[in-house]
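Novice: Take a look at the following structure, please.
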Amino acid sequence: MPLNRRKFLEKSAATGAGVAIAGAAAAPAQAAPAAATRAKQPKRYSLTVMGTTDLHGHVFNWDYFKDAEYSDKAGNAMGLARISTLVNQVRAAKGRCNTLLLDAGDTIQGTPLTYYYAKVDPITAKGGPVHPMAQAMNAIGYDAAALGNHEFNYGIETLRKFEDQLRFPLLGANAVDAKTLKPAFPPYFIKKFHVPGAPPVKVAVLGLTNPGIAIWDKAYVQGKLAFPGLEEQAAKWVPKLKAMGADVVVVSAHSGSSGTSSYGDQVPYVENAAANVARQVPGIDAILVGHAHVEIPELKVVNEATGKTVVLSEPLCYAERLTLFDIELVFAKGSWEVESVAASLLNSNTVADDPKITRLLSDEHAKVVAYVNQVVGSATETLTTVEARYKDAPIIDLITKVQEDVVKAALAGTEYAALPVIAQASPFSRTSEIPAGKVTIRDLSSLYVYDNTLVAKLMTGAQIRAYLEYSAEYFVRTAADATVDVEKLTNANNRPDYNYDYVSGLRYEIDIAQAAGARIRNLTYNGAALDDSQQFVLAVNNYRANGGGAFPYVASAKELWSESTEIRTRIAEWVTAKGVLDPKDFASADWELTREGTPVF
């Protein structure tokens with residue numbers, strides 16, 4: 001039966017939620033001398049903690065956007081079906097009773113599979129389905145998972161239903177009730193491992209999630225949940241776990257290791273705080289890192305208070321890797337002590353899918369494949385994002401046009417109806433393509449891979465100018481006489497593509513020969529220089545509207561309207577209504593890259 005979180009919390013606090021493993025039979029009498037000799041040696045125990053993170057709805061090695069097996073240049077494979085095979089191999093080698101399987105969050109958002117079971121055939125409906133990710137993770141036998149920020153994308157009701165469907169706890173020590181500040185989810189999980197002839201090894205897993213949830217999913221959590229910093233909550237809970245007798249403390253943290261934040265100073269807590277936790281909080285042995293979508297086989301961080309090494313590992317994302325923490329313990333002076341921790345990664349591309357998972361979820365997979373292959377219109381020409389990050393591309397104009405139309409319709413008849421509507425959009429993917437001919441839901445979904453919704457914000461011309469300057473920091477400064485290499489032109493200071501914005505309805509140049517902050521040139525509206533005092537309605541996605549990417553002014557700007565329908569759905573509706581996708585209906589010349597007034601391309 002799925003765990004009831006309240007009963008779990010009570011049981012865990014009272015008993016440590018122990019799980020005992022049966023011991024071995026006693027040795028025969030004639031072996032006594034050898035056994036006596038062995039008894040003089042200290043008892044040892046080897047524990048393996050396995051971990052995944054940022055699964056984002058990937059059950060199979062399948063690309064729903066391309067309707068084909070997943071492949072990339074690095075030869076990666078993905079999906080929980082592969083992870084299941086790896087986990088089975090590790091359990092066979094180590095003994096299942098000597099292993100623990102964890103996840104570090106971002107599970108129920110990210111593919112058409114997860115969208116389908118949140119929106120099309122929702123798990124929250126009466127008599128609704130069991131979420132495919134719950135089915136897969138239950139079947140594989142996860143012991144615990146941390147909450148990720150994307151767990152909140154479909155609202156708290158969907159998250160709670162998913163939680164109820166799991167046979168293991170969703171942990172979040174720093175996801176607290178906004179009023180009482182008491183944990184809203186189990187903070188920790190404790191499991192006992194039996195060792196013949198010695199006390200059991202008690203392993204505590206502390207779950208921590210991302211403070212950015214307060215910004216990114218503000219519409220769902222404001223006034224209901226709060227998300228204090230990982231460092232302060234780890235400092236609160238780790239001593240409690242040690243006092244409860246934990247011999248090993250593992251943290252599953254949906255937080256990267258870089259110490260940076262994408263949301264500036266909007267919340268006083270660090271987004272990517274895992275290494276900070278290792279440095280600042282004594283008593284932690286290993287941290288399973290998530291959120292950042294990077295591959296870290298092993299990162300050693302020295303705790304400032306104790307001088308002890310804490311081992312971190314991040315297994316990339318999408319079930320492409322499995323982290324292994326191999327923990328060696330010795331029983332000395334009446335207690336278990338961690339002697340060493342080593343981390344490594346296993347690659348999903350080395351194994352085949354587990355047939356058990358394939359059989360379990362083939363029907364759900366087939367439903368989603370049929371859904372995304374529905375034809376909703378036709379395109380007069382092929383549209384692609386290949387050059388969209390450095391050239392004004394019609395395929396991105398499609399997003400801004402849809403957003404403009406939706407917001408204009410929403411504000412019709414209001415006091416803001418006469419204001420000009422402009423829109424932002426980002427080049428999320430470098431490989432998205434809408435082919436000439438039949439257009440399907442999956443074609444449009446590949447263009448807008450996130451479940452963002454639409455917000456209308458009131459902005460001034462001066463604020464829009466600052467917004468554009470900040471966006472233009474995405475480009476690497478390139479002298480007027482330098483050779484342009486498009487592979488090195490973007491992502492300055494490691495800014496991701498999704499934090500570079502087009503803005504439609506204006507005309508402007510980005511002079512990449514200039515220093516950041518002084519690049520927007522010839523900014524006009526309706527053919528005239530932009531009036532800094534003029535008011536605009538910015539049609540913007542909820543991630544950006546809530547402060548994601550730390551763009552200036554937008555988070556604090558007055559909100560005129562918002563909705564819960566995904567922008568991706570709005571695009572599909574727009575194309576369905578038109579029937580024909582023709583660039584003359586949406587393409588616009590808004591911006592270009594220049595150097596000292598000369599176009600780069």
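The chains in the structure tokens are called A, B, ... from first to last as shown; in each chain the residues are counted from 1, and the ligands are counted from 1 in the order shown.
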Please provide the set of residues having any atom within 12 Å of A:Arg160, restricted to only C-alpha atoms, with same-chain residues fewer than 3 positions apart removed, written as a compact mmCIF listing (two decimals) with N, CA, C and O atoms, in the first residue's frame.
Specialist:
# COMPACT_ATOMS: atom_id res chain seq x y z
N PRO A 2 0.44 2.32 -0.65
CA PRO A 2 1.20 3.58 -0.59
C PRO A 2 1.31 4.09 0.84
O PRO A 2 0.40 3.92 1.64
N LEU A 3 2.43 4.73 1.14
CA LEU A 3 2.64 5.24 2.49
C LEU A 3 1.78 6.48 2.74
O LEU A 3 1.71 7.36 1.90
N ASN A 4 1.17 6.55 3.89
CA ASN A 4 0.53 7.77 4.36
C ASN A 4 1.60 8.62 5.00
O ASN A 4 2.28 8.18 5.93
N ARG A 5 1.80 9.85 4.50
CA ARG A 5 2.95 10.62 4.96
C ARG A 5 2.89 10.98 6.44
O ARG A 5 3.90 11.06 7.12
N ILE A 108 7.92 14.25 -12.45
CA ILE A 108 6.61 14.17 -13.11
C ILE A 108 6.36 15.26 -14.13
O ILE A 108 5.22 15.56 -14.46
N ILE A 123 -4.17 11.87 -13.48
CA ILE A 123 -4.19 10.96 -12.33
C ILE A 123 -5.12 11.45 -11.24
O ILE A 123 -5.53 10.68 -10.36
N THR A 124 -5.49 12.73 -11.28
CA THR A 124 -6.35 13.30 -10.24
C THR A 124 -7.83 13.03 -10.50
O THR A 124 -8.67 13.27 -9.62
N HIS A 131 0.09 7.03 -12.12
CA HIS A 131 1.10 7.72 -12.93
C HIS A 131 2.18 6.73 -13.39
O HIS A 131 2.68 5.93 -12.60
N LEU A 147 11.93 15.81 -3.36
CA LEU A 147 11.07 16.64 -4.20
C LEU A 147 11.93 17.51 -5.12
O LEU A 147 12.89 18.12 -4.68
N GLU A 151 8.16 19.09 -9.65
CA GLU A 151 7.04 18.34 -9.05
C GLU A 151 5.82 19.24 -8.83
O GLU A 151 4.69 18.76 -8.73
N PHE A 152 6.04 20.54 -8.75
CA PHE A 152 4.97 21.48 -8.44
C PHE A 152 4.32 22.10 -9.67
O PHE A 152 3.38 22.88 -9.55
N TYR A 154 2.31 21.11 -11.95
CA TYR A 154 0.90 20.84 -12.25
C TYR A 154 0.00 21.10 -11.05
O TYR A 154 -1.17 20.73 -11.05
N GLY A 155 0.55 21.73 -10.04
CA GLY A 155 -0.24 22.06 -8.86
C GLY A 155 -0.08 21.04 -7.74
O GLY A 155 0.40 19.92 -7.95
N ILE A 156 -0.49 21.44 -6.56
CA ILE A 156 -0.29 20.61 -5.37
C ILE A 156 -1.18 19.37 -5.40
O ILE A 156 -0.78 18.29 -4.95
N GLU A 157 -2.39 19.47 -5.97
CA GLU A 157 -3.28 18.31 -6.02
C GLU A 157 -2.65 17.16 -6.81
O GLU A 157 -2.68 16.00 -6.38
N GLU A 163 2.19 11.45 -4.92
CA GLU A 163 2.78 11.02 -3.65
C GLU A 163 2.01 9.82 -3.08
O GLU A 163 2.61 8.85 -2.61
N ASP A 164 0.69 9.89 -3.14
CA ASP A 164 -0.14 8.80 -2.62
C ASP A 164 0.06 7.51 -3.40
O ASP A 164 -0.12 6.41 -2.86
N GLN A 165 0.41 7.63 -4.67
CA GLN A 165 0.57 6.45 -5.52
C GLN A 165 1.94 5.77 -5.36
O GLN A 165 2.13 4.66 -5.84
N LEU A 166 2.84 6.43 -4.67
CA LEU A 166 4.18 5.88 -4.47
C LEU A 166 4.22 4.93 -3.27
O LEU A 166 3.50 5.11 -2.30
N PRO A 169 8.63 7.23 0.31
CA PRO A 169 8.35 8.63 0.65
C PRO A 169 9.00 9.63 -0.29
O PRO A 169 10.08 9.42 -0.81
N LEU A 170 8.27 10.75 -0.51
CA LEU A 170 8.82 11.93 -1.17
C LEU A 170 9.32 12.85 -0.06
O LEU A 170 8.54 13.32 0.76
N ALA A 184 5.88 19.88 5.42
CA ALA A 184 4.70 19.50 4.65
C ALA A 184 4.87 18.14 4.00
O ALA A 184 3.91 17.57 3.49
N PHE A 185 6.10 17.65 3.98
CA PHE A 185 6.44 16.33 3.46
C PHE A 185 7.40 15.68 4.46
O PHE A 185 8.02 16.38 5.28
Novice: Applying 7 Å and only C-alpha atoms, which residues near A:Asp511 remain after dropping the ones on its own chain fewer than 4 positions away? List them as a list in words.
Specialist: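 So the residues in contact are Arg519, Ile520, Arg521, Leu593, Thr594, Arg595 and Glu596 of chain A.
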Novice: Which residues are close to A:Gly256, i.e. within 9 Å by only C-alpha atoms, leaving aside same-chain residues fewer than 6 positions away? Reply as a list in words.
Specialist: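 Final neighbour list, sorted by chain and number: Glu271, Asn272, Ala273, Ala274, Ala275, Val289, Gly290, His291, Ala292, His293, Val294 and Glu314 of chain A.
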Novice: Assign secondary structure with DSSP using the backbone only, and return the residues of stretch 100-333 of chain A in helix (DSSP H, G or I) as a PyMOL selection string.
Specialist: chain A and resi 112-120+132-140+149-152+156-165+213-216+218-221+230-243+274-280
